[in-house]
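Listing of target-v8.txt; format and content: compact mmCIF, C-alpha atoms.
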```
# COMPACT_ATOMS: atom_id res chain seq x y z
CA MET A 998 -36.77 22.97 18.42
CA THR A 999 -33.47 21.19 17.68
CA LEU A 1000 -32.99 19.22 14.44
CA GLU A 1001 -31.24 15.85 14.22
CA LEU A 1002 -28.62 15.92 11.44
CA GLY A 1003 -26.50 12.86 12.16
CA THR A 1004 -23.48 14.91 13.20
CA THR A 1005 -22.61 17.14 16.14
CA LYS A 1006 -20.40 19.28 13.91
CA ILE A 1007 -23.43 21.00 12.34
CA LEU A 1008 -26.19 22.10 14.70
CA ALA A 1009 -29.63 23.40 13.76
CA ARG A 1010 -32.51 24.76 15.78
CA VAL A 1011 -35.60 26.93 15.30
CA GLU A 1012 -36.50 29.73 17.70
CA ASP A 1013 -39.45 32.11 17.20
CA GLY A 1014 -39.44 31.91 13.43
CA VAL A 1015 -35.65 32.10 13.12
CA GLY A 1016 -33.65 29.09 12.02
CA TRP A 1017 -30.11 28.91 13.44
CA ILE A 1018 -27.46 26.78 11.71
CA THR A 1019 -24.17 26.48 13.61
CA ILE A 1020 -20.88 25.32 12.10
CA ASN A 1021 -19.53 23.53 15.14
CA GLN A 1022 -15.86 22.59 14.87
CA PRO A 1023 -14.17 25.46 16.74
CA GLU A 1024 -11.09 23.38 17.54
CA ARG A 1025 -10.30 23.48 13.80
CA ARG A 1026 -11.57 27.03 13.22
CA ASN A 1027 -14.81 25.50 11.93
CA ALA A 1028 -13.10 24.00 8.89
CA MET A 1029 -15.63 22.02 6.87
CA SER A 1030 -15.23 18.23 6.67
CA LEU A 1031 -17.18 15.99 4.29
CA ALA A 1032 -19.53 14.98 7.13
CA MET A 1033 -20.12 18.66 7.88
CA TRP A 1034 -20.97 19.45 4.25
CA GLN A 1035 -23.53 16.63 4.41
CA GLY A 1036 -24.99 17.95 7.66
CA LEU A 1037 -25.17 21.49 6.32
CA GLY A 1038 -27.09 20.32 3.26
CA ALA A 1039 -29.57 18.47 5.46
CA ALA A 1040 -29.98 21.51 7.73
CA ALA A 1041 -30.66 23.86 4.81
CA GLU A 1042 -33.25 21.50 3.34
CA ALA A 1043 -34.98 21.18 6.72
CA MET A 1044 -35.13 24.96 7.12
CA GLN A 1045 -36.64 25.35 3.66
CA ALA A 1046 -39.28 22.71 4.37
CA ASP A 1047 -40.35 24.18 7.71
CA PRO A 1048 -43.10 26.81 7.22
CA ALA A 1049 -42.45 28.15 10.73
CA VAL A 1050 -39.01 29.38 9.65
CA ARG A 1051 -39.12 32.95 8.32
CA VAL A 1052 -35.38 33.73 8.24
CA VAL A 1053 -32.20 31.67 8.67
CA VAL A 1054 -28.94 32.64 10.40
CA LEU A 1055 -25.71 30.78 9.60
CA HIS A 1056 -22.77 31.22 11.99
CA GLY A 1057 -19.70 29.55 13.43
CA ALA A 1058 -19.24 28.30 16.99
CA GLY A 1059 -16.58 29.57 19.34
CA GLY A 1060 -16.42 33.22 18.33
CA LYS A 1061 -13.03 32.93 16.61
CA SER A 1062 -14.03 31.67 13.17
CA PHE A 1063 -17.10 31.65 10.93
CA ALA A 1064 -15.52 28.95 8.80
CA ALA A 1065 -11.90 28.58 7.79
CA GLY A 1066 -12.79 26.84 4.55
CA ALA A 1067 -12.54 23.16 3.79
CA ASP A 1068 -10.73 20.86 6.21
CA ILE A 1069 -7.46 20.57 4.28
CA SER A 1070 -6.31 17.65 6.44
CA GLU A 1071 -8.90 15.55 4.54
CA PHE A 1072 -7.63 16.51 1.09
CA GLU A 1073 -5.06 13.70 0.76
CA GLN A 1074 -7.84 11.18 1.36
CA HIS A 1075 -10.84 12.84 -0.29
CA ARG A 1076 -9.65 15.58 -2.68
CA ALA A 1077 -6.24 14.62 -4.03
CA ASN A 1078 -7.06 14.71 -7.76
CA ALA A 1079 -9.74 15.77 -10.23
CA GLU A 1080 -11.73 12.52 -9.89
CA GLN A 1081 -11.88 12.77 -6.09
CA LYS A 1082 -12.59 16.49 -6.41
CA LEU A 1083 -15.73 15.62 -8.39
CA ARG A 1084 -17.13 13.36 -5.65
CA TYR A 1085 -16.19 15.89 -2.96
CA ALA A 1086 -17.89 18.63 -4.97
CA GLU A 1087 -21.08 16.56 -5.28
CA ILE A 1088 -21.37 16.35 -1.50
CA ALA A 1089 -20.45 20.00 -0.92
CA SER A 1090 -22.81 21.04 -3.71
CA ARG A 1091 -25.78 19.64 -1.81
CA ALA A 1092 -25.03 22.13 0.95
CA HIS A 1093 -24.57 25.02 -1.47
CA ARG A 1094 -27.73 24.07 -3.37
CA GLY A 1095 -29.65 23.86 -0.12
CA LEU A 1096 -28.58 27.35 0.87
CA ALA A 1097 -29.16 28.71 -2.65
CA ARG A 1098 -32.68 27.28 -2.79
CA LEU A 1099 -33.80 28.90 0.44
CA ASP A 1100 -36.68 31.23 -0.45
CA LYS A 1101 -36.31 32.77 3.02
CA PRO A 1102 -33.66 35.38 3.83
CA LEU A 1103 -30.31 33.93 4.84
CA ILE A 1104 -28.01 35.94 7.12
CA ALA A 1105 -24.34 35.06 7.66
CA MET A 1106 -23.16 36.14 11.12
CA VAL A 1107 -19.38 36.32 10.81
CA GLN A 1108 -16.97 36.51 13.71
CA GLY A 1109 -13.29 35.74 13.20
CA PHE A 1110 -11.91 33.95 10.16
CA CYS A 1111 -14.06 33.64 7.03
CA ILE A 1112 -11.71 31.99 4.57
CA GLY A 1113 -11.93 30.03 1.32
CA GLY A 1114 -14.95 27.74 1.40
CA GLY A 1115 -16.11 29.64 4.47
CA LEU A 1116 -16.27 32.83 2.45
CA ALA A 1117 -18.18 30.95 -0.24
CA LEU A 1118 -20.74 30.01 2.42
CA ALA A 1119 -20.99 33.63 3.57
CA LEU A 1120 -21.49 34.71 -0.05
CA ALA A 1121 -24.42 32.31 -0.31
CA ALA A 1122 -26.20 34.47 2.26
CA ASP A 1123 -28.38 37.41 1.34
CA LEU A 1124 -26.74 39.60 4.01
CA ARG A 1125 -23.48 39.44 5.94
CA PHE A 1126 -23.15 40.85 9.46
CA ALA A 1127 -19.58 40.85 10.78
CA GLY A 1128 -17.85 41.63 14.05
CA GLN A 1129 -14.79 43.82 14.29
CA GLY A 1130 -11.66 41.69 14.04
CA SER A 1131 -13.10 39.36 11.40
CA ARG A 1132 -10.90 38.48 8.42
CA PHE A 1133 -11.84 37.43 4.89
CA GLY A 1134 -9.87 35.77 2.11
CA ILE A 1135 -9.56 33.10 -0.57
CA PRO A 1136 -6.16 31.32 -0.34
CA ALA A 1137 -6.53 29.21 -3.49
CA ALA A 1138 -3.45 30.75 -5.14
CA ARG A 1139 -1.36 29.67 -2.11
CA LEU A 1140 -2.63 26.09 -2.34
CA GLY A 1141 -2.68 25.52 -6.09
CA LEU A 1142 -6.33 24.50 -6.23
CA GLY A 1143 -9.08 25.93 -8.41
CA TYR A 1144 -12.40 27.47 -7.42
CA GLU A 1145 -15.51 26.70 -9.45
CA TYR A 1146 -17.18 29.35 -11.63
CA GLU A 1147 -20.35 29.68 -9.57
CA GLY A 1148 -18.59 30.65 -6.34
CA LEU A 1149 -16.30 33.15 -8.01
CA ALA A 1150 -19.21 34.65 -9.93
CA ALA A 1151 -20.98 35.18 -6.59
CA LEU A 1152 -17.91 37.00 -5.25
CA ALA A 1153 -17.66 39.21 -8.35
CA ARG A 1154 -21.36 40.08 -8.17
CA VAL A 1155 -21.01 41.21 -4.55
CA VAL A 1156 -17.72 43.15 -4.66
CA GLY A 1157 -17.24 43.77 -8.39
CA PRO A 1158 -14.76 42.18 -10.81
CA SER A 1159 -11.76 44.32 -9.84
CA ALA A 1160 -11.99 43.66 -6.09
CA ALA A 1161 -12.67 39.98 -6.79
CA LYS A 1162 -9.49 39.73 -8.88
CA ASP A 1163 -7.51 41.46 -6.13
CA LEU A 1164 -8.66 38.89 -3.58
CA LEU A 1165 -8.06 35.93 -5.91
CA PHE A 1166 -4.72 36.97 -7.40
CA SER A 1167 -3.09 38.06 -4.13
CA ALA A 1168 -4.64 35.44 -1.81
CA ARG A 1169 -4.41 38.11 0.90
CA GLN A 1170 -6.77 38.46 3.84
CA LEU A 1171 -9.01 41.49 4.22
CA GLU A 1172 -9.69 43.04 7.58
CA ALA A 1173 -13.30 43.79 8.47
CA ASP A 1174 -13.12 47.52 7.71
CA GLU A 1175 -11.93 46.88 4.15
CA ALA A 1176 -14.54 44.13 3.70
CA LEU A 1177 -17.22 46.68 4.63
CA ARG A 1178 -15.75 49.29 2.28
CA ILE A 1179 -15.84 47.02 -0.78
CA GLY A 1180 -19.34 45.73 0.00
CA LEU A 1181 -18.36 42.23 1.05
CA VAL A 1182 -19.99 42.93 4.43
CA ASN A 1183 -23.33 44.71 4.87
CA HIS A 1184 -23.09 45.55 8.56
CA LEU A 1185 -20.01 45.80 10.79
CA LEU A 1186 -20.38 45.90 14.56
CA PRO A 1187 -18.27 45.59 17.71
CA ALA A 1188 -17.79 41.88 18.37
CA GLU A 1189 -19.68 42.00 21.65
CA GLU A 1190 -22.73 43.53 19.93
CA LEU A 1191 -22.82 41.27 16.87
CA GLU A 1192 -25.19 38.53 18.05
CA SER A 1193 -27.69 40.91 19.64
CA ALA A 1194 -27.77 42.98 16.44
CA VAL A 1195 -28.34 39.90 14.29
CA ARG A 1196 -31.07 38.65 16.63
CA ALA A 1197 -32.85 42.00 16.47
CA TYR A 1198 -32.58 42.17 12.67
CA ALA A 1199 -33.73 38.56 12.22
CA ALA A 1200 -36.69 39.15 14.51
CA ARG A 1201 -37.63 42.23 12.48
CA VAL A 1202 -37.52 40.26 9.21
CA ALA A 1203 -39.43 37.34 10.76
CA ALA A 1204 -42.19 39.75 11.76
CA ASN A 1205 -42.61 41.05 8.20
CA ALA A 1206 -44.97 39.57 5.60
CA PRO A 1207 -43.22 36.34 4.55
CA LEU A 1208 -44.70 36.22 1.05
CA THR A 1209 -43.58 39.80 0.40
CA VAL A 1210 -40.07 39.01 1.63
CA GLN A 1211 -39.94 35.83 -0.46
CA ALA A 1212 -41.15 37.69 -3.55
CA ALA A 1213 -38.50 40.35 -3.06
CA LYS A 1214 -35.78 37.74 -2.74
CA ALA A 1215 -37.03 35.94 -5.85
CA ALA A 1216 -37.01 39.16 -7.87
CA VAL A 1217 -33.48 40.12 -6.86
CA ARG A 1218 -32.29 36.56 -7.46
CA LEU A 1219 -33.69 36.69 -10.99
CA PHE A 1220 -31.97 40.03 -11.59
CA GLU A 1221 -28.54 38.78 -10.49
CA ARG A 1222 -28.73 35.27 -11.92
CA TYR A 1223 -25.46 34.37 -13.59
CA SER A 1224 -25.17 32.57 -16.92
CA ALA A 1225 -23.11 29.42 -17.11
CA ALA A 1226 -23.98 28.75 -20.76
CA ASP A 1227 -20.36 27.98 -21.59
CA ASP A 1228 -18.17 27.53 -18.56
CA SER A 1229 -16.35 24.49 -19.99
CA ALA A 1230 -13.05 26.36 -20.24
CA VAL A 1231 -13.29 27.35 -16.57
CA ALA A 1232 -14.15 23.77 -15.56
CA ALA A 1233 -11.15 22.42 -17.51
CA ALA A 1234 -8.83 24.95 -15.90
CA VAL A 1235 -10.08 23.95 -12.44
CA ASP A 1236 -9.44 20.27 -13.22
CA ARG A 1237 -5.89 21.11 -14.29
CA CYS A 1238 -5.33 22.74 -10.90
CA PHE A 1239 -6.46 19.64 -9.02
CA ASP A 1240 -4.31 17.32 -11.15
CA SER A 1241 -1.21 19.50 -10.92
CA ALA A 1242 2.06 19.01 -9.07
CA ASP A 1243 1.53 22.48 -7.66
CA TYR A 1244 -1.61 21.31 -5.86
CA GLN A 1245 0.37 18.46 -4.29
CA GLU A 1246 3.03 20.98 -3.26
CA GLY A 1247 0.39 23.33 -1.83
CA ARG A 1248 -1.07 20.58 0.33
CA ARG A 1249 2.35 19.42 1.55
CA ALA A 1250 3.46 22.95 2.35
CA PHE A 1251 0.29 23.61 4.31
CA MET A 1252 0.71 20.45 6.39
CA GLU A 1253 4.44 21.16 6.91
CA LYS A 1254 3.73 24.80 7.83
CA ARG A 1255 6.10 26.24 5.20
CA ASN A 1256 5.82 28.46 2.17
CA PRO A 1257 4.94 26.53 -1.02
CA VAL A 1258 7.23 26.57 -4.05
CA PHE A 1259 5.09 26.44 -7.19
CA GLN A 1260 6.34 25.44 -10.66
CA GLY A 1261 3.25 26.10 -12.79
CA ARG A 1262 2.71 22.48 -13.69
```
Spit out the file's structure as structure tokens when you get a sec.
Amino acid sequence: MTLELGTTKILARVEDGVGWITINQPERRNAMSLAMWQGLGAAAEAMQADPAVRVVVLHGAGGKSFAAGADISEFEQHRANAEQKLRYAEIASRAHRGLARLDKPLIAMVQGFCIGGGLALALAADLRFAGQGSRFGIPAARLGLGYEYEGLAALARVVGPSAAKDLLFSARQLEADEALRIGLVNHLLPAEELESAVRAYAARVAANAPLTVQAAKAAVRLFERYSAADDSAVAAAVDRCFDSADYQEGRRAFMEKRNPVFQGR
């Protein structure tokens, strides 16, 4: 069964108890546009509402990228300052909330680039399967933008504070072997075996008692739940990033394919 989402850039279907959500913009390394964030939110909500779905797999089309983050070419129009960032975040948050509210297991099947907002999507999954040759990173420090507390807390919970700081401070990309070593990836396979392995694992989970699986996920979620009782200082720091001259410089440098020169203001 194929779901209608109002965009061809996010595809969703259900096969034998497994929901498949495809990020479908391979010509831009599956970078996420505003329309795609909207479609992803709708897909996640549909998967949650469908009792036939026992497990969900999120992956990127084309085999070269899971998701290369947000579509930076849209930033001048939709994310150029803190006010626009807020509206953009509201739309993207629907997608993240939809994935976070899934009471069914969510598997990220990663092949190729998994960068920035794409890595945040992979971190929303319960498990990450990756193919050899995949690369992971958060380039915020090369763009001058800020990442919200919730996403960075998810990264720190998965890989630990020290490895999270390494990724964030350096803005470097990790190869798949290192991602496996630090726990960012659960299973690493040859690229040509990735999809068959994910299909077999998803089928195994789908065949298990769904209430037991849901209860297990709920228990672990309660255990790892973060506290955002006072994240106002983080939110203010993120707003300063989006209103900064450095953020403008980061966007220009990206579009001009040159190294940015940041001034700290």
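The residue that comes closest to Ala1233 in chain A, out of A:Gly1143, A:Arg1218, A:Pro1048, A:Ile1104 and on the basis of all atoms listed in the file, is A:Gly1143.
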Measuring between all atoms listed in the file, which one of A:Ala1039, A:Ala1138, A:Leu1031, A:Ala1199 shows the shortest distance to Glu1246 in chain A?
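Of all the options, A:Ala1138 lies closest to Glu1246 in chain A.
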Which neighbours of Leu1191 in chain A fall inside 8 Å, counting all atoms listed in the file, when residues of the same chain fewer than 6 positions from it are skipped, and could you give them as an MDAnalysis selection string?
chainID A and resid 1106 1126:1128
If we draw a sphere of 12 Å around (-7.7, 19.1, -11.0), which residues have at least one atom in it when counting only C-alpha atoms? Please report them as a PDB file with C-alpha atoms, in the coordinates of the input.
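Dumped everything to result15.pdb:
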```pdb
ATOM      1  CA  ARG A1076      -9.650  15.580  -2.680  1.00  0.00           C
ATOM      2  CA  ALA A1077      -6.240  14.620  -4.030  1.00  0.00           C
ATOM      3  CA  ASN A1078      -7.060  14.710  -7.760  1.00  0.00           C
ATOM      4  CA  ALA A1079      -9.740  15.770 -10.230  1.00  0.00           C
ATOM      5  CA  GLU A1080     -11.730  12.520  -9.890  1.00  0.00           C
ATOM      6  CA  GLN A1081     -11.880  12.770  -6.090  1.00  0.00           C
ATOM      7  CA  LYS A1082     -12.590  16.490  -6.410  1.00  0.00           C
ATOM      8  CA  LEU A1083     -15.730  15.620  -8.390  1.00  0.00           C
ATOM      9  CA  ALA A1086     -17.890  18.630  -4.970  1.00  0.00           C
ATOM     10  CA  GLY A1141      -2.680  25.520  -6.090  1.00  0.00           C
ATOM     11  CA  LEU A1142      -6.330  24.500  -6.230  1.00  0.00           C
ATOM     12  CA  GLY A1143      -9.080  25.930  -8.410  1.00  0.00           C
ATOM     13  CA  TYR A1144     -12.400  27.470  -7.420  1.00  0.00           C
ATOM     14  CA  GLU A1145     -15.510  26.700  -9.450  1.00  0.00           C
ATOM     15  CA  VAL A1231     -13.290  27.350 -16.570  1.00  0.00           C
ATOM     16  CA  ALA A1232     -14.150  23.770 -15.560  1.00  0.00           C
ATOM     17  CA  ALA A1233     -11.150  22.420 -17.510  1.00  0.00           C
ATOM     18  CA  ALA A1234      -8.830  24.950 -15.900  1.00  0.00           C
ATOM     19  CA  VAL A1235     -10.080  23.950 -12.440  1.00  0.00           C
ATOM     20  CA  ASP A1236      -9.440  20.270 -13.220  1.00  0.00           C
ATOM     21  CA  ARG A1237      -5.890  21.110 -14.290  1.00  0.00           C
ATOM     22  CA  CYS A1238      -5.330  22.740 -10.900  1.00  0.00           C
ATOM     23  CA  PHE A1239      -6.460  19.640  -9.020  1.00  0.00           C
ATOM     24  CA  ASP A1240      -4.310  17.320 -11.150  1.00  0.00           C
ATOM     25  CA  SER A1241      -1.210  19.500 -10.920  1.00  0.00           C
ATOM     26  CA  ALA A1242       2.060  19.010  -9.070  1.00  0.00           C
ATOM     27  CA  ASP A1243       1.530  22.480  -7.660  1.00  0.00           C
ATOM     28  CA  TYR A1244      -1.610  21.310  -5.860  1.00  0.00           C
ATOM     29  CA  GLN A1245       0.370  18.460  -4.290  1.00  0.00           C
ATOM     30  CA  ARG A1262       2.710  22.480 -13.690  1.00  0.00           C
TER      31      ARG A1262
END
```
At what distance in Å, to one decimal, does CA of Ala1028 in chain A lie from CA of Ala1122 in chain A?
18.0 Å
Nearest residue to Thr1209 in chain A out of A:Lys1162, A:Arg1051, A:Arg1154, A:Arg1025, using only C-alpha atoms?
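Closest to Thr1209 in chain A, using only C-alpha atoms: A:Arg1051.
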Between CA of Asp1123 in chain A and CA of Ala1213 in chain A - distance in Å to one decimal:
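If I compute the distance from CA of Ala1213 in chain A to CA of Asp1123 in chain A, I get 11.4 Å.
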Counting all atoms listed in the file, which of A:Ile1069, A:Leu1124, A:Ile1007, A:Val1155 gets nearest to Ala1137 in chain A?
A:Ile1069
Please indicate the distance in Å from CA of Ile1088 in chain A to CA of Trp1034 in chain A, rounded to one decimal place.
6.5 Å
Padded axis-aligned box of range 1029-1048 of chain A (8 Å per side), centre and edge lengths, Å, one decimal, as lines of an AutoDock Vina configuration file:
```
center_x = -29.2
center_y = 20.9
center_z = 5.6
size_x = 43.9
size_y = 27.8
size_z = 20.6
```
Report as a ChimeraX atom specification all protein, DNA and RNA residues lying within 8 Å of Ile1135 in chain A, evaluated on all atoms listed in the file, omitting residues in the same chain fewer than 6 positions from it.
/A:1112-1114,1116,1164-1165,1168-1170
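Closest approach to Gly1109 in chain A among A:Asn1027, A:Ser1090, A:Gln1035, A:Ser1070 is made by A:Asn1027 (distances from all atoms listed in the file).
Distances to Ala1041 in chain A were evaluated for A:Ala1097, A:Ala1064, A:Ala1105, A:Met998 using all atoms listed in the file, and the minimum falls at A:Ala1097.
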Please supply range 1196-1231 of chain A, rebuilt with N, CA and C atoms, as a tab-separated table (two decimals), keeping the file's coordinate frame.
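As a result, result-v7.tsv now contains:
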```
chain	number	residue	atom	x	y	z
A	1196	ARG	N	-29.79	39.11	16.07
A	1196	ARG	CA	-31.07	38.65	16.63
A	1196	ARG	C	-32.17	39.69	16.41
A	1197	ALA	N	-31.85	40.95	16.65
A	1197	ALA	CA	-32.85	42.00	16.47
A	1197	ALA	C	-33.26	42.12	15.00
A	1198	TYR	N	-32.27	42.05	14.10
A	1198	TYR	CA	-32.58	42.17	12.67
A	1198	TYR	C	-33.40	40.97	12.20
A	1199	ALA	N	-33.00	39.76	12.62
A	1199	ALA	CA	-33.73	38.56	12.22
A	1199	ALA	C	-35.16	38.59	12.73
A	1200	ALA	N	-35.34	39.05	13.96
A	1200	ALA	CA	-36.69	39.15	14.51
A	1200	ALA	C	-37.53	40.14	13.71
A	1201	ARG	N	-36.91	41.23	13.28
A	1201	ARG	CA	-37.63	42.23	12.48
A	1201	ARG	C	-38.08	41.62	11.15
A	1202	VAL	N	-37.17	40.89	10.49
A	1202	VAL	CA	-37.52	40.26	9.21
A	1202	VAL	C	-38.59	39.20	9.42
A	1203	ALA	N	-38.46	38.40	10.49
A	1203	ALA	CA	-39.43	37.34	10.76
A	1203	ALA	C	-40.82	37.89	11.01
A	1204	ALA	N	-40.90	39.13	11.48
A	1204	ALA	CA	-42.19	39.75	11.76
A	1204	ALA	C	-42.84	40.35	10.51
A	1205	ASN	N	-42.08	40.48	9.44
A	1205	ASN	CA	-42.61	41.05	8.20
A	1205	ASN	C	-43.41	40.01	7.42
A	1206	ALA	N	-44.13	40.47	6.41
A	1206	ALA	CA	-44.97	39.57	5.60
A	1206	ALA	C	-44.07	38.58	4.84
A	1207	PRO	N	-44.16	37.30	5.15
A	1207	PRO	CA	-43.22	36.34	4.55
A	1207	PRO	C	-43.34	36.24	3.04
A	1208	LEU	N	-44.55	36.32	2.50
A	1208	LEU	CA	-44.70	36.22	1.05
A	1208	LEU	C	-44.08	37.43	0.35
A	1209	THR	N	-44.19	38.60	0.97
A	1209	THR	CA	-43.58	39.80	0.40
A	1209	THR	C	-42.06	39.67	0.40
A	1210	VAL	N	-41.51	39.19	1.52
A	1210	VAL	CA	-40.07	39.01	1.63
A	1210	VAL	C	-39.59	37.98	0.62
A	1211	GLN	N	-40.32	36.87	0.50
A	1211	GLN	CA	-39.94	35.83	-0.46
A	1211	GLN	C	-40.00	36.34	-1.89
A	1212	ALA	N	-41.02	37.14	-2.20
A	1212	ALA	CA	-41.15	37.69	-3.55
A	1212	ALA	C	-40.00	38.64	-3.86
A	1213	ALA	N	-39.61	39.43	-2.86
A	1213	ALA	CA	-38.50	40.35	-3.06
A	1213	ALA	C	-37.21	39.59	-3.31
A	1214	LYS	N	-36.99	38.53	-2.53
A	1214	LYS	CA	-35.78	37.74	-2.74
A	1214	LYS	C	-35.78	37.09	-4.11
A	1215	ALA	N	-36.94	36.57	-4.54
A	1215	ALA	CA	-37.03	35.94	-5.85
A	1215	ALA	C	-36.74	36.93	-6.97
A	1216	ALA	N	-37.22	38.15	-6.83
A	1216	ALA	CA	-37.01	39.16	-7.87
A	1216	ALA	C	-35.54	39.54	-7.98
A	1217	VAL	N	-34.89	39.76	-6.84
A	1217	VAL	CA	-33.48	40.12	-6.86
A	1217	VAL	C	-32.63	38.96	-7.37
A	1218	ARG	N	-33.01	37.75	-6.98
A	1218	ARG	CA	-32.29	36.56	-7.46
A	1218	ARG	C	-32.36	36.46	-8.97
A	1219	LEU	N	-33.54	36.73	-9.54
A	1219	LEU	CA	-33.69	36.69	-10.99
A	1219	LEU	C	-32.82	37.76	-11.66
A	1220	PHE	N	-32.77	38.93	-11.05
A	1220	PHE	CA	-31.97	40.03	-11.59
A	1220	PHE	C	-30.48	39.67	-11.65
A	1221	GLU	N	-29.98	39.03	-10.58
A	1221	GLU	CA	-28.54	38.78	-10.49
A	1221	GLU	C	-28.11	37.41	-11.00
A	1222	ARG	N	-29.06	36.63	-11.51
A	1222	ARG	CA	-28.73	35.27	-11.92
A	1222	ARG	C	-27.60	35.28	-12.94
A	1223	TYR	N	-26.59	34.46	-12.68
A	1223	TYR	CA	-25.46	34.37	-13.59
A	1223	TYR	C	-25.79	33.41	-14.73
A	1224	SER	N	-25.02	33.50	-15.80
A	1224	SER	CA	-25.17	32.57	-16.92
A	1224	SER	C	-23.95	31.68	-16.99
A	1225	ALA	N	-24.20	30.38	-16.98
A	1225	ALA	CA	-23.11	29.42	-17.11
A	1225	ALA	C	-23.26	28.66	-18.43
A	1226	ALA	N	-23.69	29.38	-19.47
A	1226	ALA	CA	-23.98	28.75	-20.76
A	1226	ALA	C	-22.75	28.04	-21.32
A	1227	ASP	N	-21.57	28.62	-21.10
A	1227	ASP	CA	-20.36	27.98	-21.59
A	1227	ASP	C	-19.24	28.23	-20.59
A	1228	ASP	N	-19.24	27.41	-19.55
A	1228	ASP	CA	-18.17	27.53	-18.56
A	1228	ASP	C	-17.21	26.36	-18.66
A	1229	SER	N	-17.19	25.68	-19.83
A	1229	SER	CA	-16.35	24.49	-19.99
A	1229	SER	C	-14.87	24.81	-19.85
A	1230	ALA	N	-14.46	25.99	-20.34
A	1230	ALA	CA	-13.05	26.36	-20.24
A	1230	ALA	C	-12.65	26.57	-18.78
A	1231	VAL	N	-13.56	27.16	-18.00
A	1231	VAL	CA	-13.29	27.35	-16.57
A	1231	VAL	C	-13.20	26.00	-15.88
```
